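See below for the structure under consideration.
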Amino acid sequence: GSAREKAVLFYQSCMDTQQIESQGIQPLKGLLSQVGVWNITGIGKAKDFNKTLQTLMGRYNTFPFFSVHIGPSPSDPNTNMIQIDHPEFEIPPESKFKEKKNYLEVTYQRLKQGKNSWHLLGEPQDIPPGSFSLILSFISNLQQVITPLQERQQREMLFYRTTIRELQEKAPAIDWLLCLQAAFHPVPLNLSQPVAVHDMDYLQGMSRLIEQWQKQRILHIYMMICLIGNLSPALDSRFQDARLELSRILHGKIGSRMIPEDRWRMCLSETSFFFEPVLGQMIVQEIFPQQNKKLAEQMFSEIRDALYSRLHQVEWMDEKTRVEAKVLISRLQVEIGYPAHILQTDKVNLEYQNLEVNQETFLLNIVACLKTLRENSYQRLLQHHSQDNWKISPWYVHSYYSLGQHMVVFPAGMFRSPFFDPEFPSAVNFGAMGVFMAHELLHAFYNYVLPGGCPTCNRSALQQAIDCLVKQYESYSMFGFKTNGSFTLLENTADNGGLAIAYQAYKNWLKKHRREKDLPKIGLTHDQLFY
């Protein structure tokens with residue numbers, strides 16, 4: 001079937017709670033048998049540590065000991081690299097725990113209260129005494145070797161460029177080539193493959209811990225718990241209740257990310273995660289027809305022209321900088337509505353051609369989608385950099401400027417009421433969506449505001465303008481707290497300048513189009529509608 005048909009089947013399997021409840025834990029048991037039995041008591045042959053980790057990374061997108069993602073290289077934003085960092089732990093770190101004297105003991109006692117829920121998350125009933133405490137101790141040890149962000153920044157450790165070969169030498173407990181080949185299959189990787197590490201001290205400490213715990217079954221139990229926790233959202237209501245209870249025990253309350261939501265919302269979220277181009281195409285066709293896109297592009301062109309003319313009014317900017325600023329804007333990549341590939345149905349179908357989805361088992365659909373998502377996205381990202389690779393989905397109500405790509409993005413979700421409508425008076429469209437456009441456009445100039453960012457400018461006049469804006473915002477307060485005008489300077493600059501540019505663009509638009517719609521029942525002038 002088509003990618004759209006598969007997306008619909010996936011959503012339906014998620015919504016079929018009766019089927020999910022009737023199947024219970026059986027689909028999960030089938031997966032666990034493929035990964036390897038718990039083998040906690042030492043009876044039988046334990047699966048090799050790295051083989052199990054390879055299976056979890058490659059087949060189930062589960063990374064218990066470190067996180068792996070694709071991201072741009074800081075030296076060349078057009079080139080993507082494999083990037084490795086410490087994982088996000090569900091158990092809060094000791095540094096955030098108030099009762100530090102007995103951190104492990106208190107946390108262990110809290111978790112013992114949720115013993116039934118922990119069994120549901122996959123702990124076997126014959127687990128040897130003390131194993132649970134050992135798992136907690138191992139997690140705490142991992143957390144303790146994380147280098148604090150501020151220290152990494154001071155030591156310039158945030159982006160350490162290395163290779164898989166060097167990584168193998170520094171953190172030998174992991175078979176890096178084997179595991180990364182599994183995670184990025186079918187992309188060919190070798191020992192010379194460049195990778196970026198965000199916390200090498202953590203990876204070395206993690207490697208030493210794994211070697212220390214290697215002879216015990218704790219590592220295998222921990223990996224299985226991470227797998228079950230990763231897949232549990234696709235299981236029956238007992239697992240969802242257990243996750244909520246576990247969150248309450250760990251954090252003292254239900255975390256915001258664990259608050260139960262309507263089933264259709266959860267299923268829509270899961271479907272959009274795996275079938276983003278499919279849902280993107282459906283939504284774009286529904287809410288953003290070509291005539292809307294054309295009007296939006298015309299508005300942006302007017303905004304850009306208004307910025308060009310306004311550059312001549314900036315007192316602190318010298319002629320050389322004005323010319324550079326115009327060139328900077330002329331080279332800006334502008335994305336409005338959606339990435340071009342979204343509407344290429346044949347290309348989208350090709351991405352999902354090997355995916356098999358059925359309406360019977362939601363968990364198996366999740367696993368199948370994880371495999372397809374990994375193969376498609378990793379291969380595309382590693383082999384070439386795509387300029388239409390957005391950070392957000394077309395339905396988002398959120399625009400942004402990408403410094404690395406020198407690109408502004410305005411997704412289709414923004415071009416709806418109350419921000420935009422072809423039937424609105426132009427004053428409303430420019431006063432809402434036009435201001436957003438101008439705001440993002442001005443972010444391309446953020447470097448000029450920073451110290452030393454514009455060496456040929458009139459620094460005295462620039463600093464005077466900056467001080468004036470900082471003083472204005474520091475006169476405001478919210479909930480009893482004063483605004484830090486220096487901290488919010490870049491956003492404040494874009495807000496104020498964006499409003500002025502959008503207003504000028506609106507006035508220029510009126511000169512060309514003459515006629516403006518009225519809203520007689522509201523009783524506001526066009527200028528009042530703009531603001």
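Following the order of the structure tokens, chains are lettered A, B, ..., residues in each are numbered from 1, and ligands are numbered from 1.
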Would you kindly return, as an MDAnalysis selection string, each protein, DNA or RNA residue with an atom no farther than 9 Å from any atom of A:Tyr308, considering only C-alpha atoms and excluding same-chain residues fewer than 2 positions away? chainID A and resid 303:306 310:312 322 325:326 329
Residue set, stretch 237-399 of chain A restricted to strand (DSSP E), as a VMD selection string: chain A and resid 333 to 337
Selection file, C-alpha atoms, as a PDB file, in the first residue's frame:
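That gives us selection_0.pdb:
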```
ATOM      1  CA  GLN A 333      17.341  30.877   2.028  1.00  0.00           C
ATOM      2  CA  VAL A 334      13.614  31.351   2.608  1.00  0.00           C
ATOM      3  CA  GLU A 335      11.355  28.364   3.349  1.00  0.00           C
ATOM      4  CA  ILE A 336       7.625  29.074   3.500  1.00  0.00           C
ATOM      5  CA  GLY A 337       4.971  26.464   4.248  1.00  0.00           C
TER       6      GLY A 337
END
```
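With only C-alpha atoms as the basis for measurement, A:Leu441 is the residue among A:Ile82, A:Val278, A:Met266, A:Leu441 that approaches A:Val408 most closely.
The neighbours of A:Ile342 here are the residues that come within 10 Å of it, using only C-alpha atoms and leaving out any residue fewer than 4 positions away in the same chain; they are Glu276, Pro277, Val278, Leu279, Gly280, Gln281, Met282, Val284, Tyr338, Lys347, Val348, Asp388 and Pro394 of chain A.
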Length of the atom CA of A:Gly453 to atom CA of A:Glu440 vector [Å]: 18.8 Å
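Between A:Pro411 and the residues A:Leu307, A:Leu28, A:Ile283, A:Val357, the shortest atom-to-atom distance, using only C-alpha atoms, involves A:Ile283.
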Which of stretch 359-438 of chain A DSSP labels helix (DSSP H, G or I), written as a PyMOL selection string: chain A and resi 362-383+412-414+426-438
Selected residues written out with N, CA and C atoms, as a compact mmCIF listing (two decimals), in the first residue's frame:
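Writing the result to out.txt gives the following:
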```
# COMPACT_ATOMS: atom_id res chain seq x y z
N PHE A 362 0.06 -3.25 17.73
CA PHE A 362 0.64 -1.91 17.74
C PHE A 362 2.14 -1.96 18.08
N LEU A 363 2.54 -2.81 19.02
CA LEU A 363 3.94 -2.90 19.42
C LEU A 363 4.83 -3.30 18.25
N LEU A 364 4.42 -4.30 17.50
CA LEU A 364 5.22 -4.74 16.35
C LEU A 364 5.27 -3.66 15.27
N ASN A 365 4.22 -2.89 15.15
CA ASN A 365 4.23 -1.75 14.21
C ASN A 365 5.26 -0.70 14.64
N ILE A 366 5.34 -0.47 15.95
CA ILE A 366 6.33 0.48 16.47
C ILE A 366 7.74 0.01 16.12
N VAL A 367 8.00 -1.27 16.36
CA VAL A 367 9.33 -1.83 16.09
C VAL A 367 9.66 -1.74 14.60
N ALA A 368 8.69 -2.06 13.74
CA ALA A 368 8.91 -1.99 12.29
C ALA A 368 9.17 -0.55 11.85
N CYS A 369 8.45 0.39 12.44
CA CYS A 369 8.63 1.80 12.09
C CYS A 369 9.98 2.34 12.57
N LEU A 370 10.43 1.87 13.74
CA LEU A 370 11.75 2.27 14.23
C LEU A 370 12.84 1.89 13.23
N LYS A 371 12.73 0.69 12.69
CA LYS A 371 13.71 0.20 11.72
C LYS A 371 13.68 1.05 10.45
N THR A 372 12.49 1.33 9.94
CA THR A 372 12.37 2.13 8.71
C THR A 372 12.84 3.55 8.93
N LEU A 373 12.46 4.14 10.05
CA LEU A 373 12.87 5.50 10.35
C LEU A 373 14.39 5.61 10.44
N ARG A 374 15.00 4.65 11.11
CA ARG A 374 16.45 4.65 11.26
C ARG A 374 17.15 4.53 9.91
N GLU A 375 16.72 3.57 9.10
CA GLU A 375 17.37 3.34 7.82
C GLU A 375 17.24 4.53 6.88
N ASN A 376 16.06 5.11 6.84
CA ASN A 376 15.84 6.24 5.92
C ASN A 376 16.55 7.51 6.37
N SER A 377 16.32 7.89 7.61
CA SER A 377 16.85 9.17 8.06
C SER A 377 18.36 9.16 8.19
N TYR A 378 18.93 8.09 8.75
CA TYR A 378 20.37 8.03 8.93
C TYR A 378 21.11 7.99 7.59
N GLN A 379 20.60 7.20 6.66
CA GLN A 379 21.26 7.12 5.37
C GLN A 379 21.21 8.47 4.66
N ARG A 380 20.05 9.12 4.70
CA ARG A 380 19.91 10.42 4.04
C ARG A 380 20.80 11.47 4.69
N LEU A 381 20.86 11.46 6.01
CA LEU A 381 21.62 12.49 6.71
C LEU A 381 23.13 12.29 6.61
N LEU A 382 23.57 11.06 6.62
CA LEU A 382 25.00 10.80 6.58
C LEU A 382 25.58 10.98 5.19
N GLN A 383 24.83 10.62 4.18
CA GLN A 383 25.40 10.65 2.83
C GLN A 383 25.41 12.03 2.22
N ALA A 412 3.70 25.90 7.55
CA ALA A 412 2.31 26.12 7.14
C ALA A 412 1.40 26.35 8.35
N GLY A 413 1.75 25.75 9.50
CA GLY A 413 0.91 25.90 10.70
C GLY A 413 0.76 27.34 11.15
N MET A 414 1.69 28.21 10.75
CA MET A 414 1.61 29.62 11.16
C MET A 414 0.64 30.43 10.29
N SER A 426 -5.19 43.40 4.96
CA SER A 426 -3.72 43.31 4.95
C SER A 426 -3.12 43.79 6.26
N ALA A 427 -3.78 44.74 6.91
CA ALA A 427 -3.29 45.25 8.19
C ALA A 427 -3.13 44.13 9.21
N VAL A 428 -4.08 43.20 9.23
CA VAL A 428 -4.03 42.09 10.18
C VAL A 428 -2.91 41.13 9.82
N ASN A 429 -2.79 40.77 8.53
CA ASN A 429 -1.75 39.84 8.09
C ASN A 429 -0.35 40.39 8.35
N PHE A 430 -0.14 41.67 8.04
CA PHE A 430 1.18 42.26 8.27
C PHE A 430 1.44 42.50 9.75
N GLY A 431 0.38 42.85 10.49
CA GLY A 431 0.54 43.10 11.92
C GLY A 431 0.80 41.85 12.72
N ALA A 432 0.47 40.70 12.17
CA ALA A 432 0.71 39.42 12.87
C ALA A 432 1.83 38.66 12.17
N MET A 433 1.50 38.03 11.04
CA MET A 433 2.48 37.20 10.35
C MET A 433 3.65 38.03 9.83
N GLY A 434 3.38 39.25 9.38
CA GLY A 434 4.45 40.11 8.88
C GLY A 434 5.49 40.43 9.94
N VAL A 435 5.04 40.62 11.17
CA VAL A 435 5.96 40.91 12.27
C VAL A 435 6.84 39.69 12.55
N PHE A 436 6.25 38.49 12.51
CA PHE A 436 7.05 37.26 12.68
C PHE A 436 8.12 37.16 11.59
N MET A 437 7.73 37.47 10.36
CA MET A 437 8.67 37.39 9.24
C MET A 437 9.85 38.35 9.45
N ALA A 438 9.53 39.59 9.80
CA ALA A 438 10.58 40.59 10.00
C ALA A 438 11.46 40.24 11.20
```
Find the residues near stretch 189-195 of chain A: any atom within 12 Å, counting only C-alpha atoms, skip ones fewer than 2 places away on the same chain, and give them as a PyMOL selection string. chain A and resi 68-73+79-85+159-169+175-187+197-198+200+379+382-383
Looking at only C-alpha atoms, which of A:Ile392, A:Asp48, A:Arg263, A:Asn492 is the one that sits closest to A:Lys215? A:Asp48
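The two atoms in question, atom CA of A:Thr17 and atom CA of A:Phe89, are spaced 29.0 Å apart.
Minimum distance to A:Leu355 across A:Phe275, A:Asp76, A:Met15, A:Leu469 (counting only C-alpha atoms) occurs at A:Phe275.
Rounded to one decimal, atom CA of A:Thr55 and atom CA of A:Ser232 lie 17.7 Å from each other.
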Residues within 12 Å of A:Pro422, only C-alpha atoms, excluding chain neighbours under 4 positions, as a short mmCIF file (atom, residue, chain, number, x, y, z; two decimals) with all heavy atoms, in the first residue's frame:
```
data_model
loop_
_atom_site.label_atom_id
_atom_site.label_comp_id
_atom_site.auth_asym_id
_atom_site.auth_seq_id
_atom_site.Cartn_x
_atom_site.Cartn_y
_atom_site.Cartn_z
N ILE A 287 -4.61 22.76 4.63
CA ILE A 287 -4.65 24.11 5.22
C ILE A 287 -3.82 25.15 4.46
O ILE A 287 -3.91 26.34 4.77
CB ILE A 287 -4.17 24.09 6.68
CG1 ILE A 287 -2.65 23.82 6.76
CG2 ILE A 287 -4.95 23.09 7.52
CD1 ILE A 287 -2.06 24.01 8.15
N PHE A 288 -2.99 24.74 3.49
CA PHE A 288 -2.09 25.72 2.88
C PHE A 288 -2.07 25.56 1.35
O PHE A 288 -1.08 25.11 0.77
CB PHE A 288 -0.68 25.55 3.45
CG PHE A 288 0.20 26.75 3.25
CD1 PHE A 288 -0.17 28.02 3.70
CD2 PHE A 288 1.43 26.63 2.61
CE1 PHE A 288 0.66 29.11 3.52
CE2 PHE A 288 2.26 27.71 2.43
CZ PHE A 288 1.87 28.97 2.89
N PRO A 289 -3.18 25.94 0.69
CA PRO A 289 -3.22 25.85 -0.78
C PRO A 289 -2.23 26.79 -1.44
O PRO A 289 -1.69 27.71 -0.79
CB PRO A 289 -4.67 26.24 -1.10
CG PRO A 289 -5.12 27.06 0.07
CD PRO A 289 -4.41 26.50 1.26
N GLN A 290 -1.99 26.61 -2.71
CA GLN A 290 -0.98 27.37 -3.44
C GLN A 290 -1.23 28.88 -3.41
O GLN A 290 -0.28 29.67 -3.35
CB GLN A 290 -0.91 26.89 -4.89
CG GLN A 290 -0.11 25.60 -5.08
CD GLN A 290 1.32 25.73 -4.61
OE1 GLN A 290 2.05 26.63 -5.00
NE2 GLN A 290 1.75 24.80 -3.75
N GLN A 291 -2.50 29.30 -3.44
CA GLN A 291 -2.77 30.74 -3.42
C GLN A 291 -2.34 31.37 -2.09
O GLN A 291 -1.90 32.52 -2.04
CB GLN A 291 -4.24 31.04 -3.72
CG GLN A 291 -5.25 30.48 -2.73
CD GLN A 291 -5.79 29.14 -3.20
OE1 GLN A 291 -5.10 28.40 -3.90
NE2 GLN A 291 -7.03 28.85 -2.84
N ASN A 292 -2.45 30.60 -0.99
CA ASN A 292 -1.99 31.10 0.31
C ASN A 292 -0.46 31.21 0.32
O ASN A 292 0.10 32.18 0.84
CB ASN A 292 -2.43 30.16 1.43
CG ASN A 292 -3.93 30.24 1.67
OD1 ASN A 292 -4.69 30.58 0.78
ND2 ASN A 292 -4.36 29.90 2.88
N LYS A 293 0.20 30.22 -0.25
CA LYS A 293 1.65 30.23 -0.31
C LYS A 293 2.15 31.42 -1.15
O LYS A 293 3.11 32.10 -0.76
CB LYS A 293 2.16 28.92 -0.91
CG LYS A 293 3.69 28.80 -0.99
CD LYS A 293 4.10 27.43 -1.49
CE LYS A 293 5.60 27.34 -1.73
NZ LYS A 293 6.40 27.50 -0.50
N LYS A 294 1.47 31.67 -2.25
CA LYS A 294 1.86 32.78 -3.12
C LYS A 294 1.73 34.11 -2.39
O LYS A 294 2.62 34.98 -2.46
CB LYS A 294 1.00 32.79 -4.39
CG LYS A 294 1.40 33.86 -5.38
CD LYS A 294 0.54 33.79 -6.64
CE LYS A 294 0.92 34.89 -7.63
NZ LYS A 294 0.09 34.84 -8.86
N LEU A 295 0.61 34.31 -1.66
CA LEU A 295 0.40 35.54 -0.91
C LEU A 295 1.47 35.69 0.19
O LEU A 295 2.00 36.78 0.40
CB LEU A 295 -0.99 35.56 -0.28
CG LEU A 295 -1.32 36.76 0.62
CD1 LEU A 295 -1.16 38.07 -0.13
CD2 LEU A 295 -2.73 36.62 1.20
N ALA A 296 1.79 34.58 0.86
CA ALA A 296 2.81 34.61 1.92
C ALA A 296 4.17 35.01 1.34
O ALA A 296 4.91 35.79 1.95
CB ALA A 296 2.90 33.25 2.60
N GLN A 298 4.71 36.80 -1.34
CA GLN A 298 4.64 38.22 -1.71
C GLN A 298 4.82 39.10 -0.47
O GLN A 298 5.50 40.14 -0.53
CB GLN A 298 3.30 38.52 -2.39
CG GLN A 298 3.15 37.90 -3.77
CD GLN A 298 1.75 38.06 -4.32
OE1 GLN A 298 0.79 38.33 -3.59
NE2 GLN A 298 1.60 37.86 -5.64
N MET A 299 4.21 38.71 0.64
CA MET A 299 4.37 39.45 1.88
C MET A 299 5.83 39.47 2.32
O MET A 299 6.36 40.51 2.71
CB MET A 299 3.50 38.83 2.99
CG MET A 299 2.04 39.21 2.94
SD MET A 299 1.13 38.44 4.31
CE MET A 299 2.00 39.11 5.74
N PHE A 415 0.38 29.93 9.09
CA PHE A 415 -0.43 30.70 8.14
C PHE A 415 -1.91 30.37 8.29
O PHE A 415 -2.58 29.95 7.35
CB PHE A 415 0.07 30.46 6.71
CG PHE A 415 1.45 30.99 6.48
CD1 PHE A 415 2.55 30.18 6.64
CD2 PHE A 415 1.66 32.33 6.16
CE1 PHE A 415 3.83 30.66 6.46
CE2 PHE A 415 2.93 32.82 5.97
CZ PHE A 415 4.03 31.99 6.12
N ARG A 416 -2.38 30.53 9.51
CA ARG A 416 -3.78 30.30 9.83
C ARG A 416 -4.23 31.39 10.79
O ARG A 416 -3.42 32.11 11.38
CB ARG A 416 -3.97 28.91 10.46
CG ARG A 416 -3.45 27.76 9.63
CD ARG A 416 -3.88 26.44 10.19
NE ARG A 416 -5.30 26.20 9.97
CZ ARG A 416 -5.99 25.22 10.55
NH1 ARG A 416 -5.40 24.42 11.40
NH2 ARG A 416 -7.28 25.07 10.31
N SER A 417 -5.53 31.50 10.96
CA SER A 417 -6.07 32.47 11.92
C SER A 417 -5.53 32.14 13.32
O SER A 417 -5.41 30.95 13.67
CB SER A 417 -7.60 32.38 11.91
OG SER A 417 -8.16 33.26 12.84
N PRO A 418 -5.13 33.12 14.10
CA PRO A 418 -5.35 34.56 13.93
C PRO A 418 -4.18 35.30 13.27
O PRO A 418 -4.18 36.52 13.21
CB PRO A 418 -5.52 35.04 15.37
CG PRO A 418 -4.57 34.18 16.14
CD PRO A 418 -4.62 32.82 15.45
N SER A 426 -5.19 43.40 4.96
CA SER A 426 -3.72 43.31 4.95
C SER A 426 -3.12 43.79 6.26
O SER A 426 -2.05 43.32 6.67
CB SER A 426 -3.17 44.14 3.78
OG SER A 426 -3.66 43.66 2.55
N ALA A 427 -3.78 44.74 6.91
CA ALA A 427 -3.29 45.25 8.19
C ALA A 427 -3.13 44.13 9.21
O ALA A 427 -2.17 44.10 9.98
CB ALA A 427 -4.24 46.32 8.73
N VAL A 428 -4.08 43.20 9.23
CA VAL A 428 -4.03 42.09 10.18
C VAL A 428 -2.91 41.13 9.82
O VAL A 428 -2.13 40.69 10.68
CB VAL A 428 -5.38 41.36 10.24
CG1 VAL A 428 -5.30 40.15 11.17
CG2 VAL A 428 -6.49 42.31 10.69
N ASN A 429 -2.79 40.77 8.53
CA ASN A 429 -1.75 39.84 8.09
C ASN A 429 -0.35 40.39 8.35
O ASN A 429 0.53 39.68 8.84
CB ASN A 429 -1.92 39.51 6.61
CG ASN A 429 -3.10 38.59 6.34
OD1 ASN A 429 -3.50 37.83 7.23
ND2 ASN A 429 -3.66 38.65 5.14
N PHE A 430 -0.14 41.67 8.04
CA PHE A 430 1.18 42.26 8.27
C PHE A 430 1.44 42.50 9.75
O PHE A 430 2.57 42.38 10.22
CB PHE A 430 1.33 43.57 7.48
CG PHE A 430 1.77 43.38 6.06
CD1 PHE A 430 0.83 43.27 5.05
CD2 PHE A 430 3.11 43.30 5.74
CE1 PHE A 430 1.22 43.09 3.72
CE2 PHE A 430 3.52 43.11 4.43
CZ PHE A 430 2.57 43.01 3.41
N MET A 433 1.50 38.03 11.04
CA MET A 433 2.48 37.20 10.35
C MET A 433 3.65 38.03 9.83
O MET A 433 4.81 37.58 9.84
CB MET A 433 1.80 36.46 9.19
CG MET A 433 2.62 35.32 8.63
SD MET A 433 2.92 34.03 9.84
CE MET A 433 4.64 33.67 9.50
N LYS A 517 -9.39 46.02 2.88
CA LYS A 517 -10.66 45.56 3.44
C LYS A 517 -10.91 46.23 4.79
O LYS A 517 -9.99 46.52 5.53
CB LYS A 517 -10.64 44.04 3.61
CG LYS A 517 -10.54 43.27 2.30
CD LYS A 517 -10.43 41.77 2.55
CE LYS A 517 -10.28 41.03 1.23
NZ LYS A 517 -10.09 39.58 1.43
#
```
Quick one: residues within 8 Å of A:Gln359, only C-alpha atoms counted, chain neighbours fewer than 3 positions away excluded, as a ChimeraX atom specification? /A:9-10,12-13,362
Selected residues written out with C-alpha atoms, as a compact mmCIF listing (two decimals), in the first residue's frame:
```txt
# COMPACT_ATOMS: atom_id res chain seq x y z
CA LEU A 9 -3.23 1.56 9.55
CA PHE A 10 -0.61 2.51 12.12
CA GLN A 12 -5.80 2.61 13.78
CA SER A 13 -3.63 -0.03 15.49
CA PHE A 362 0.64 -1.91 17.74
```
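If only C-alpha atoms are the atoms counted, then among A:Arg265, A:Ser301, A:Gly404, A:Gly58 the closest residue to A:Asn508 is A:Ser301.
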